[in-house]
Structure formats: structure tokens, C-alpha cells
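**Student:** Handing over my_file_4.cif, mmCIF, C-alpha atoms and all ligand atoms.
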data_model
loop_
_atom_site.group_PDB
_atom_site.id
_atom_site.type_symbol
_atom_site.label_atom_id
_atom_site.label_comp_id
_atom_site.auth_asym_id
_atom_site.auth_seq_id
_atom_site.Cartn_x
_atom_site.Cartn_y
_atom_site.Cartn_z
ATOM 1 C CA MET A 1 -11.468 -4.484 -0.786
ATOM 2 C CA ASP A 2 -14.007 -4.203 1.987
ATOM 3 C CA LEU A 3 -13.006 -1.599 4.609
ATOM 4 C CA LYS A 4 -13.419 -4.045 7.492
ATOM 5 C CA GLU A 5 -11.109 -6.530 5.783
ATOM 6 C CA ALA A 6 -8.466 -3.827 5.359
ATOM 7 C CA ILE A 7 -8.707 -2.605 8.957
ATOM 8 C CA TYR A 8 -8.452 -6.078 10.478
ATOM 9 C CA GLY A 9 -6.136 -7.649 7.905
ATOM 10 C CA ARG A 10 -3.403 -5.002 7.720
ATOM 11 C CA ARG A 11 -0.261 -5.913 9.655
ATOM 12 C CA SER A 12 3.072 -4.217 10.184
ATOM 13 C CA VAL A 13 5.445 -6.034 7.861
ATOM 14 C CA ARG A 14 9.195 -5.725 8.335
ATOM 15 C CA ARG A 15 10.582 -7.830 5.483
ATOM 16 C CA TYR A 16 9.834 -7.296 1.794
ATOM 17 C CA ASN A 17 10.670 -9.049 -1.452
ATOM 18 C CA ASP A 18 12.180 -7.436 -4.556
ATOM 19 C CA LYS A 19 8.978 -6.757 -6.466
ATOM 20 C CA PRO A 20 8.762 -3.051 -7.323
ATOM 21 C CA ILE A 21 5.703 -0.911 -6.639
ATOM 22 C CA SER A 22 4.133 0.589 -9.748
ATOM 23 C CA ASP A 23 3.836 4.329 -10.430
ATOM 24 C CA ILE A 24 0.058 4.075 -10.502
ATOM 25 C CA ASP A 25 -0.052 2.376 -7.091
ATOM 26 C CA ILE A 26 2.218 5.008 -5.560
ATOM 27 C CA SER A 27 0.162 7.768 -7.079
ATOM 28 C CA GLU A 28 -3.159 6.296 -5.836
ATOM 29 C CA ILE A 29 -1.762 5.666 -2.345
ATOM 30 C CA MET A 30 -0.535 9.256 -2.067
ATOM 31 C CA GLU A 31 -3.819 10.625 -3.438
ATOM 32 C CA ALA A 32 -5.660 8.689 -0.700
ATOM 33 C CA ALA A 33 -3.294 10.218 1.873
ATOM 34 C CA CYS A 34 -4.280 13.702 0.774
ATOM 35 C CA TRP A 35 -8.002 12.897 1.156
ATOM 36 C CA ALA A 36 -7.674 12.467 4.920
ATOM 37 C CA PRO A 37 -9.603 14.814 7.196
ATOM 38 C CA SER A 38 -7.547 17.683 8.612
ATOM 39 C CA ALA A 39 -7.959 20.260 11.346
ATOM 40 C CA VAL A 40 -9.592 23.417 9.932
ATOM 41 C CA ASN A 41 -8.843 21.910 6.528
ATOM 42 C CA LEU A 42 -5.167 22.875 6.740
ATOM 43 C CA GLN A 43 -3.976 19.727 4.953
ATOM 44 C CA PRO A 44 -0.754 20.289 6.904
ATOM 45 C CA TRP A 45 1.185 17.261 5.624
ATOM 46 C CA TYR A 46 4.228 17.165 3.374
ATOM 47 C CA PHE A 47 5.316 13.768 2.041
ATOM 48 C CA VAL A 48 8.641 12.767 0.564
ATOM 49 C CA VAL A 49 8.297 9.460 -1.270
ATOM 50 C CA CYS A 50 11.735 7.833 -1.496
ATOM 51 C CA ARG A 51 11.865 5.170 -4.192
ATOM 52 C CA SER A 52 15.029 5.713 -6.244
ATOM 53 C CA SER A 53 18.007 3.648 -5.135
ATOM 54 C CA GLU A 54 19.924 6.889 -4.429
ATOM 55 C CA SER A 55 17.221 8.268 -2.129
ATOM 56 C CA MET A 56 16.814 4.911 -0.355
ATOM 57 C CA LYS A 57 20.575 4.667 0.188
ATOM 58 C CA LYS A 58 20.710 8.217 1.509
ATOM 59 C CA LEU A 59 17.831 7.401 3.858
ATOM 60 C CA SER A 60 19.471 4.197 5.122
ATOM 61 C CA ARG A 61 22.722 6.027 5.825
ATOM 62 C CA ILE A 62 20.911 8.572 7.971
ATOM 63 C CA MET A 63 18.759 5.899 9.642
ATOM 64 C CA ASP A 64 21.906 4.118 10.886
ATOM 65 C CA GLY A 65 22.365 7.071 13.242
ATOM 66 C CA SER A 66 19.013 6.403 14.918
ATOM 67 C CA ILE A 67 20.001 3.028 16.367
ATOM 68 C CA PHE A 68 21.561 4.293 19.593
ATOM 69 C CA GLY A 69 18.480 6.288 20.684
ATOM 70 C CA LEU A 70 16.127 3.595 19.440
ATOM 71 C CA LYS A 71 17.829 0.844 21.447
ATOM 72 C CA LYS A 72 17.250 2.825 24.648
ATOM 73 C CA VAL A 73 13.500 3.041 23.957
ATOM 74 C CA LEU A 74 13.274 -0.634 22.970
ATOM 75 C CA ASN A 75 15.227 -1.807 26.018
ATOM 76 C CA ASN A 76 12.700 -0.076 28.271
ATOM 77 C CA ARG A 77 9.660 -1.395 26.427
ATOM 78 C CA PHE A 78 10.734 -4.950 25.540
ATOM 79 C CA LYS A 79 13.189 -5.894 28.330
ATOM 80 C CA SER A 80 11.962 -9.489 28.443
ATOM 81 C CA HIS A 81 11.722 -9.891 24.642
ATOM 82 C CA PRO A 82 15.247 -9.438 23.259
ATOM 83 C CA GLU A 83 14.145 -11.010 19.962
ATOM 84 C CA VAL A 84 11.754 -8.078 19.407
ATOM 85 C CA ILE A 85 14.588 -5.615 20.073
ATOM 86 C CA ASN A 86 16.875 -7.382 17.590
ATOM 87 C CA GLU A 87 14.179 -7.668 14.940
ATOM 88 C CA THR A 88 13.273 -3.993 15.227
ATOM 89 C CA VAL A 89 16.889 -2.814 15.122
ATOM 90 C CA ASP A 90 17.604 -4.979 12.053
ATOM 91 C CA PHE A 91 14.489 -3.628 10.386
ATOM 92 C CA VAL A 92 15.350 -0.001 11.044
ATOM 93 C CA LYS A 93 18.889 -0.528 9.703
ATOM 94 C CA SER A 94 17.783 -2.250 6.507
ATOM 95 C CA LEU A 95 14.201 -0.927 6.198
ATOM 96 C CA GLY A 96 13.406 -4.573 5.552
ATOM 97 C CA GLY A 97 14.456 -4.235 1.920
ATOM 98 C CA ALA A 98 11.468 -1.949 1.293
ATOM 99 C CA LYS A 99 11.168 -0.604 -2.237
ATOM 100 C CA VAL A 100 9.599 2.644 -1.057
ATOM 101 C CA CYS A 101 9.759 4.702 2.115
ATOM 102 C CA ILE A 102 7.466 7.658 2.687
ATOM 103 C CA LEU A 103 8.631 10.379 5.058
ATOM 104 C CA THR A 104 5.803 12.436 6.541
ATOM 105 C CA PHE A 105 6.600 15.972 7.630
ATOM 106 C CA LEU A 106 4.424 18.920 8.529
ATOM 107 C CA GLN A 107 4.261 21.441 5.702
ATOM 108 C CA GLN A 108 5.106 24.401 7.957
ATOM 109 C CA GLU A 109 7.438 24.905 10.898
ATOM 110 C CA HIS A 110 4.740 26.554 12.979
ATOM 111 C CA TYR A 111 1.064 25.824 13.495
ATOM 112 C CA ASP A 112 -1.132 27.584 16.059
ATOM 113 C CA GLU A 113 -2.539 24.187 17.028
ATOM 114 C CA GLU A 114 0.408 21.892 16.486
ATOM 115 C CA LEU A 115 -1.239 18.805 17.988
ATOM 116 C CA ALA A 116 -4.147 19.136 15.566
ATOM 117 C CA ALA A 117 -1.684 19.345 12.669
ATOM 118 C CA VAL A 118 0.097 16.198 13.886
ATOM 119 C CA GLU A 119 -3.240 14.375 14.209
ATOM 120 C CA SER A 120 -4.129 15.380 10.651
ATOM 121 C CA ALA A 121 -0.839 14.007 9.325
ATOM 122 C CA ALA A 122 -1.458 10.771 11.254
ATOM 123 C CA ALA A 123 -4.901 10.463 9.644
ATOM 124 C CA ALA A 124 -3.245 10.774 6.235
ATOM 125 C CA MET A 125 -0.758 8.074 7.207
ATOM 126 C CA GLN A 126 -3.554 5.703 8.179
ATOM 127 C CA ASN A 127 -5.041 6.241 4.700
ATOM 128 C CA ILE A 128 -1.648 5.279 3.264
ATOM 129 C CA VAL A 129 -1.331 1.974 5.114
ATOM 130 C CA LEU A 130 -4.935 0.947 4.463
ATOM 131 C CA THR A 131 -4.889 1.895 0.777
ATOM 132 C CA ALA A 132 -1.584 0.075 0.328
ATOM 133 C CA TYR A 133 -3.024 -3.023 2.009
ATOM 134 C CA SER A 134 -6.082 -2.928 -0.244
ATOM 135 C CA LYS A 135 -3.655 -3.180 -3.181
ATOM 136 C CA GLY A 136 -1.766 -6.137 -1.672
ATOM 137 C CA ILE A 137 1.123 -3.881 -0.626
ATOM 138 C CA SER A 138 2.456 -4.257 2.904
ATOM 139 C CA SER A 139 3.730 -1.484 5.115
ATOM 140 C CA CYS A 140 5.207 -0.551 8.453
ATOM 141 C CA TRP A 141 4.692 2.765 10.206
ATOM 142 C CA LEU A 142 7.888 3.859 11.993
ATOM 143 C CA THR A 143 8.691 6.576 14.458
ATOM 144 C CA ALA A 144 12.258 5.291 14.901
ATOM 145 C CA PRO A 145 13.370 7.952 12.350
ATOM 146 C CA LEU A 146 12.445 10.634 14.904
ATOM 147 C CA HIS A 147 15.809 9.900 16.535
ATOM 148 C CA VAL A 148 17.418 11.476 13.455
ATOM 149 C CA GLU A 149 14.726 14.040 12.709
ATOM 150 C CA ASN A 150 17.047 16.990 12.119
ATOM 151 C CA GLU A 151 19.264 15.053 9.737
ATOM 152 C CA LEU A 152 16.253 13.756 7.769
ATOM 153 C CA ARG A 153 14.654 17.171 7.562
ATOM 154 C CA GLU A 154 17.861 18.766 6.351
ATOM 155 C CA ALA A 155 18.408 16.024 3.748
ATOM 156 C CA PHE A 156 14.854 15.597 2.458
ATOM 157 C CA ALA A 157 12.630 18.520 3.451
ATOM 158 C CA PRO A 158 14.577 21.684 4.255
ATOM 159 C CA GLY A 159 12.303 24.523 5.350
ATOM 160 C CA LYS A 160 9.379 22.208 6.153
ATOM 161 C CA GLY A 161 7.990 21.390 9.606
ATOM 162 C CA ARG A 162 8.649 18.566 12.020
ATOM 163 C CA LEU A 163 9.009 14.943 10.987
ATOM 164 C CA ILE A 164 5.964 12.899 12.000
ATOM 165 C CA ALA A 165 6.984 9.357 10.982
ATOM 166 C CA ALA A 166 7.989 7.153 8.062
ATOM 167 C CA ILE A 167 6.145 4.334 6.307
ATOM 168 C CA THR A 168 7.912 1.549 4.452
ATOM 169 C CA LEU A 169 6.060 -0.048 1.542
ATOM 170 C CA GLY A 170 6.716 -3.297 -0.292
ATOM 171 C CA TYR A 171 5.450 -6.764 -1.067
ATOM 172 C CA SER A 172 5.642 -8.966 2.005
ATOM 173 C CA ASP A 173 8.314 -11.587 2.445
ATOM 174 C CA ALA A 174 7.325 -12.358 6.030
ATOM 175 C CA GLU A 175 4.808 -14.314 8.037
ATOM 176 C CA THR A 176 2.943 -11.947 10.338
ATOM 177 C CA LYS A 177 0.836 -12.536 13.384
ATOM 178 C CA ALA A 178 -1.561 -9.961 14.795
ATOM 179 C CA PRO A 179 -0.501 -8.782 18.249
ATOM 180 C CA LYS A 180 -3.357 -9.262 20.711
ATOM 181 C CA ARG A 181 -5.445 -6.145 21.277
ATOM 182 C CA LYS A 182 -5.686 -4.914 24.881
ATOM 183 C CA GLU A 183 -8.862 -4.970 26.888
ATOM 184 C CA GLY A 184 -10.401 -2.036 28.704
ATOM 185 C CA ARG A 185 -9.605 0.713 26.197
ATOM 186 C CA VAL A 186 -13.194 1.625 25.388
ATOM 187 C CA THR A 187 -15.941 2.950 27.598
ATOM 188 C CA VAL A 188 -19.373 3.453 26.078
ATOM 189 C CA ILE A 189 -21.496 5.778 28.167
HETATM 190 C C1 LIG B 201 2.998 5.735 15.783
HETATM 191 C C2 LIG B 201 3.595 4.382 15.451
HETATM 192 C C3 LIG B 201 4.961 4.219 15.541
HETATM 193 C C4 LIG B 201 5.541 2.993 15.209
HETATM 194 N N1 LIG B 201 6.918 2.883 15.207
HETATM 195 C C5 LIG B 201 7.491 1.718 14.830
HETATM 196 C C6 LIG B 201 8.913 1.638 14.709
HETATM 197 O O1 LIG B 201 9.633 2.613 14.905
HETATM 198 N N2 LIG B 201 9.457 0.450 14.340
HETATM 199 C C7 LIG B 201 8.672 -0.650 14.066
HETATM 200 O O2 LIG B 201 9.221 -1.703 13.727
HETATM 201 N N3 LIG B 201 7.302 -0.593 14.157
HETATM 202 C C8 LIG B 201 6.701 0.567 14.523
HETATM 203 N N4 LIG B 201 5.327 0.663 14.564
HETATM 204 C C9 LIG B 201 4.489 -0.519 14.263
HETATM 205 C C10 LIG B 201 3.943 -1.116 15.560
HETATM 206 O O3 LIG B 201 4.949 -1.846 16.206
HETATM 207 C C11 LIG B 201 2.728 -2.019 15.213
HETATM 208 O O4 LIG B 201 1.731 -1.228 14.631
HETATM 209 C C12 LIG B 201 2.160 -2.717 16.450
HETATM 210 O O5 LIG B 201 3.076 -3.627 16.976
HETATM 211 C C13 LIG B 201 0.850 -3.472 16.112
HETATM 212 O O6 LIG B 201 1.050 -4.403 15.056
HETATM 213 P P1 LIG B 201 0.182 -4.336 13.718
HETATM 214 O O7 LIG B 201 0.507 -3.020 13.025
HETATM 215 O O8 LIG B 201 0.595 -5.504 12.875
HETATM 216 O O9 LIG B 201 -1.266 -4.379 14.083
HETATM 217 C C14 LIG B 201 4.730 1.887 14.857
HETATM 218 C C15 LIG B 201 3.330 2.062 14.770
HETATM 219 C C16 LIG B 201 2.783 3.310 15.039
HETATM 220 C C17 LIG B 201 1.287 3.521 14.876
#
So that I can check it, write out the structure of this file as C-alpha cells.
Ligand SMILES: Cc1cc2nc3c(=O)[nH]c(=O)nc-3n(C[C@H](O)[C@H](O)[C@H](O)COP(=O)(O)O)c2cc1C
**Tutor:**
Amino acid sequence: MDLKEAIYGRRSVRRYNDKPISDIDISEIMEAACWAPSAVNLQPWYFVVCRSSESMKKLSRIMDGSIFGLKKVLNNRFKSHPEVINETVDFVKSLGGAKVCILTFLQQEHYDEELAAVESAAAAMQNIVLTAYSKGISSCWLTAPLHVENELREAFAPGKGRLIAAITLGYSDAETKAPKRKEGRVTVI
């Protein structure tokens, strides 16, 4: 797929059907993640790819605990759009029926330039969502799991660094519309 098509066509999808994602697709998506640029070539990411029903159940159980903190954030941001709050809460509880959920952590607990490490992990995550889209696989990037970061780290990545975000993957079962992009965010000088 053309890069432009992937960048403009990818949407956050929050409901998936039952079709499984193949081993080869998971392996190619994760390989693309690891080819992201990284600050001083640290490659500071550590991914846990949950796909077994046991790991997905364990994840969902922990995610239930994030709802309280998440609702506070959503109430501030989407006061006049209660439907967005409800949709997001339902999604975080169920993960939209996703077949796979990737947890992105930092590899180490300490980095001299932590922000640069976080940026590197985010670059890898962008490779994930675009590569998935190019294969017809939908995704949603979520920071809602940060409300239960300690629990997720203990359960899935003991001894690793902070949790950056999660990405759900699956075949879409939803109509999506692109949210309008805001004006005035670029100055060319
Ligand atoms: C850093 C980051 C955090 C996000 N966290 C969440 C989340 O916790 N829950 C959710 O439903 N969507 C989350 N999203 C998806 C955004 O809501 C979505 O990208 C945005 O509304 C634009 O829509 P689009 O991805 O279809 O272009 C997140 C996206 C990013 C980049």
C-alpha cells in the first residue's frame, strides 16, 4: 500500500470481528515496530503482544480497574459529548473484542533522556498502526491503560520500564469517520 494512503486512511477502530490475525502478520507488524528510528539508537521499547485467550482475559481484568481514572479525564475533555465518553469506556472495558493487544513498555526503568526514549517508543507504535493498516488490520492506540500502569507492569513486564501505551489490533466491525483536523498547527518559516 502507498504510504500516503496508509497515513490518511488509517482510523482508530474500537470494534472488531472474530477473524484471527495470522502469525505472519503479527511477526511482520512487530518487525516494522523495531525498525523505527530511536534516540541514540537505543531501541528502548519492549513489547508484550497479548493474543492468547488467557493473556487477553488477564489484560481485561486489569483494564477494568482503569475506568474510574479514565472517566475523570473523559468528563473533562468531552463534557458535551456523553456518547463519546460511553463509547470510550465500553471500548476500554471490552477492548472492542480485539484479537490482539500490544502493550508497549520501555525496556529499562531508567534512561538519561527519558523523553527521547518515550518518543522512540511512540515512533515504533506509529509503525505498528500503519503496517497493520497496510495489511487490512485495524487498530486503536490507547493510553487509558496508564491508569493501571503498575498493575500491568507487574503482570506483564516485571523489571521493565514505564508503560507507554497499548494498541488493539483486529479486523474492523465498525464504521469510522475521520475526526476533522485542526487548523493553525503548522507554521512554515
Ligand atoms: C497517544 C494517544 C492516546 C490515545 N488514547 C486513546 C484511548 O485511551 N482510548 C481511545 O479510545 N482512543 C485513544 N486514542 C485514539 C484517539 O482518540 C484517535 O487517534 C483520535 O481521536 C483521532 O482519530 P483517528 O485515529 O481515527 O485519526 C489515542 C491516540 C493517541 C495517539
**Student:** With the file shown as input, list the residues that the PyMOL selection byres (((chain A and resi 43) around 12) and not hetatm) selects, as a ChimeraX atom specification.
**Tutor:** /A:33-42,44-47,105-108,111,116-124
**Student:** Translate the PyMOL selection byres (((chain A and resi 7) around 10) and not hetatm), as applied to the file shown, into an explicit residue set as a list in words.
**Tutor:**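 On this input, the PyMOL selection byres (((chain A and resi 7) around 10) and not hetatm) captures Asp2, Leu3, Lys4, Glu5, Ala6, Tyr8, Gly9, Arg10, Arg11, Gln126, Val129, Leu130, Tyr133 and Ser134 of chain A.
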**Student:** Restrict the selected residues to C-alpha atoms and save them as a compact mmCIF listing (two decimals), in the frame of the given file.
**Tutor:**
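See result25.txt below for the written result:
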# COMPACT_ATOMS: atom_id res chain seq x y z
CA ASP A 2 -14.01 -4.20 1.99
CA LEU A 3 -13.01 -1.60 4.61
CA LYS A 4 -13.42 -4.04 7.49
CA GLU A 5 -11.11 -6.53 5.78
CA ALA A 6 -8.47 -3.83 5.36
CA TYR A 8 -8.45 -6.08 10.48
CA GLY A 9 -6.14 -7.65 7.90
CA ARG A 10 -3.40 -5.00 7.72
CA ARG A 11 -0.26 -5.91 9.65
CA GLN A 126 -3.55 5.70 8.18
CA VAL A 129 -1.33 1.97 5.11
CA LEU A 130 -4.93 0.95 4.46
CA TYR A 133 -3.02 -3.02 2.01
CA SER A 134 -6.08 -2.93 -0.24
**Student:** What does the distance from CA of Ser66 (chain A) to CA of Gly161 (chain A) come to in Å, to one decimal?
**Tutor:**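 According to the coordinates, CA of Ser66 (chain A) and CA of Gly161 (chain A) are separated by 19.3 Å.
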**Student:** Select from chain A every residue with an atom at most 10 Å from any atom of ligand LIG 201 (chain B), then for each give the shortest pair of atoms and their distance in Å to one decimal, using all atoms listed in the file, rows by chain and rising number, as a Markdown table.
**Tutor:**
| residue | atom | partner | partner_atom | distance |
| --- | --- | --- | --- | --- |
| A:Ile7 | CA | B:LIG201 | O9 | 9.2 |
| A:Tyr8 | CA | B:LIG201 | O9 | 8.2 |
| A:Gly9 | CA | B:LIG201 | O9 | 8.5 |
| A:Arg10 | CA | B:LIG201 | O8 | 6.5 |
| A:Arg11 | CA | B:LIG201 | O8 | 3.4 |
| A:Ser12 | CA | B:LIG201 | O8 | 3.9 |
| A:Val13 | CA | B:LIG201 | O8 | 7.0 |
| A:Arg14 | CA | B:LIG201 | O2 | 6.7 |
| A:Leu70 | CA | B:LIG201 | O1 | 8.0 |
| A:Val73 | CA | B:LIG201 | O1 | 9.9 |
| A:Leu74 | CA | B:LIG201 | O1 | 9.4 |
| A:Val84 | CA | B:LIG201 | O2 | 8.9 |
| A:Ile85 | CA | B:LIG201 | O2 | 9.2 |
| A:Glu87 | CA | B:LIG201 | O2 | 7.9 |
| A:Thr88 | CA | B:LIG201 | O2 | 4.9 |
| A:Val89 | CA | B:LIG201 | O2 | 7.9 |
| A:Asp90 | CA | B:LIG201 | O2 | 9.2 |
| A:Phe91 | CA | B:LIG201 | O2 | 6.5 |
| A:Val92 | CA | B:LIG201 | N2 | 6.8 |
| A:Leu95 | CA | B:LIG201 | O2 | 9.1 |
| A:Gly96 | CA | B:LIG201 | O2 | 9.6 |
| A:Ala122 | CA | B:LIG201 | C1 | 8.1 |
| A:Met125 | CA | B:LIG201 | C17 | 9.2 |
| A:Gln126 | CA | B:LIG201 | C17 | 8.5 |
| A:Val129 | CA | B:LIG201 | O7 | 9.5 |
| A:Ser139 | CA | B:LIG201 | O7 | 8.7 |
| A:Cys140 | CA | B:LIG201 | C9 | 5.9 |
| A:Trp141 | CA | B:LIG201 | C14 | 4.7 |
| A:Leu142 | CA | B:LIG201 | N1 | 3.5 |
| A:Thr143 | CA | B:LIG201 | O1 | 4.1 |
| A:Ala144 | CA | B:LIG201 | O1 | 3.7 |
| A:Pro145 | CA | B:LIG201 | O1 | 7.0 |
| A:Leu146 | CA | B:LIG201 | O1 | 8.5 |
| A:His147 | CA | B:LIG201 | O1 | 9.7 |
| A:Ile164 | CA | B:LIG201 | C1 | 8.6 |
| A:Ala165 | CA | B:LIG201 | C3 | 7.2 |
| A:Ala166 | CA | B:LIG201 | O1 | 8.4 |
| A:Ile167 | CA | B:LIG201 | C14 | 9.0 |
| A:Thr168 | CA | B:LIG201 | C7 | 9.9 |
| A:Thr176 | CA | B:LIG201 | O8 | 7.3 |
| A:Lys177 | CA | B:LIG201 | O8 | 7.1 |
| A:Ala178 | CA | B:LIG201 | O8 | 5.3 |
| A:Pro179 | CA | B:LIG201 | O6 | 5.6 |
| A:Lys180 | CA | B:LIG201 | O9 | 8.5 |
| A:Arg181 | CA | B:LIG201 | O9 | 8.5 |
**Student:** Which distance in Å separates CA of Glu109 (chain A) and CA of Glu54 (chain A), to one decimal?
**Tutor:**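 Between CA of Glu109 (chain A) and CA of Glu54 (chain A) the gap is 26.7 Å.
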**Student:** For CA of Ser52 (chain A) and CA of Lys19 (chain A), quote the distance in Å rounded to one decimal.
**Tutor:** 13.9 Å
**Student:** For region 96-110 of chain A, where the input has fewer atoms than it should, I would like N, CA and C atoms rebuilt and written as an mmCIF file, keeping the file's coordinate frame.
**Tutor:**
data_model
loop_
_atom_site.group_PDB
_atom_site.id
_atom_site.type_symbol
_atom_site.label_atom_id
_atom_site.label_comp_id
_atom_site.auth_asym_id
_atom_site.auth_seq_id
_atom_site.Cartn_x
_atom_site.Cartn_y
_atom_site.Cartn_z
ATOM 1 N N GLY A 96 14.023 -3.312 5.973
ATOM 2 C CA GLY A 96 13.406 -4.573 5.552
ATOM 3 C C GLY A 96 13.485 -4.828 4.049
ATOM 4 N N GLY A 97 14.374 -4.078 3.381
ATOM 5 C CA GLY A 97 14.456 -4.235 1.920
ATOM 6 C C GLY A 97 13.290 -3.569 1.210
ATOM 7 N N ALA A 98 12.635 -2.620 1.898
ATOM 8 C CA ALA A 98 11.468 -1.949 1.293
ATOM 9 C C ALA A 98 11.863 -1.247 0.000
ATOM 10 N N LYS A 99 10.936 -1.251 -0.945
ATOM 11 C CA LYS A 99 11.168 -0.604 -2.237
ATOM 12 C C LYS A 99 10.872 0.889 -2.154
ATOM 13 N N VAL A 100 10.037 1.247 -1.188
ATOM 14 C CA VAL A 100 9.599 2.644 -1.057
ATOM 15 C C VAL A 100 9.566 2.994 0.424
ATOM 16 N N CYS A 101 9.955 4.217 0.743
ATOM 17 C CA CYS A 101 9.759 4.702 2.115
ATOM 18 C C CYS A 101 9.237 6.133 2.053
ATOM 19 N N ILE A 102 8.109 6.337 2.702
ATOM 20 C CA ILE A 102 7.466 7.658 2.687
ATOM 21 C C ILE A 102 7.804 8.378 3.985
ATOM 22 N N LEU A 103 8.368 9.564 3.867
ATOM 23 C CA LEU A 103 8.631 10.379 5.058
ATOM 24 C C LEU A 103 7.507 11.407 5.164
ATOM 25 N N THR A 104 6.896 11.469 6.335
ATOM 26 C CA THR A 104 5.803 12.436 6.541
ATOM 27 C C THR A 104 6.295 13.571 7.428
ATOM 28 N N PHE A 105 6.231 14.760 6.886
ATOM 29 C CA PHE A 105 6.600 15.972 7.630
ATOM 30 C C PHE A 105 5.356 16.845 7.750
ATOM 31 N N LEU A 106 5.422 17.852 8.608
ATOM 32 C CA LEU A 106 4.424 18.920 8.529
ATOM 33 C C LEU A 106 4.901 19.901 7.463
ATOM 34 N N GLN A 107 3.944 20.511 6.802
ATOM 35 C CA GLN A 107 4.261 21.441 5.702
ATOM 36 C C GLN A 107 4.959 22.705 6.215
ATOM 37 N N GLN A 108 4.545 23.158 7.406
ATOM 38 C CA GLN A 108 5.106 24.401 7.957
ATOM 39 C C GLN A 108 5.801 24.144 9.286
ATOM 40 N N GLU A 109 6.732 25.062 9.619
ATOM 41 C CA GLU A 109 7.438 24.905 10.898
ATOM 42 C C GLU A 109 6.546 25.243 12.071
ATOM 43 N N HIS A 110 5.578 26.136 11.853
ATOM 44 C CA HIS A 110 4.740 26.554 12.979
ATOM 45 C C HIS A 110 3.264 26.409 12.645
#
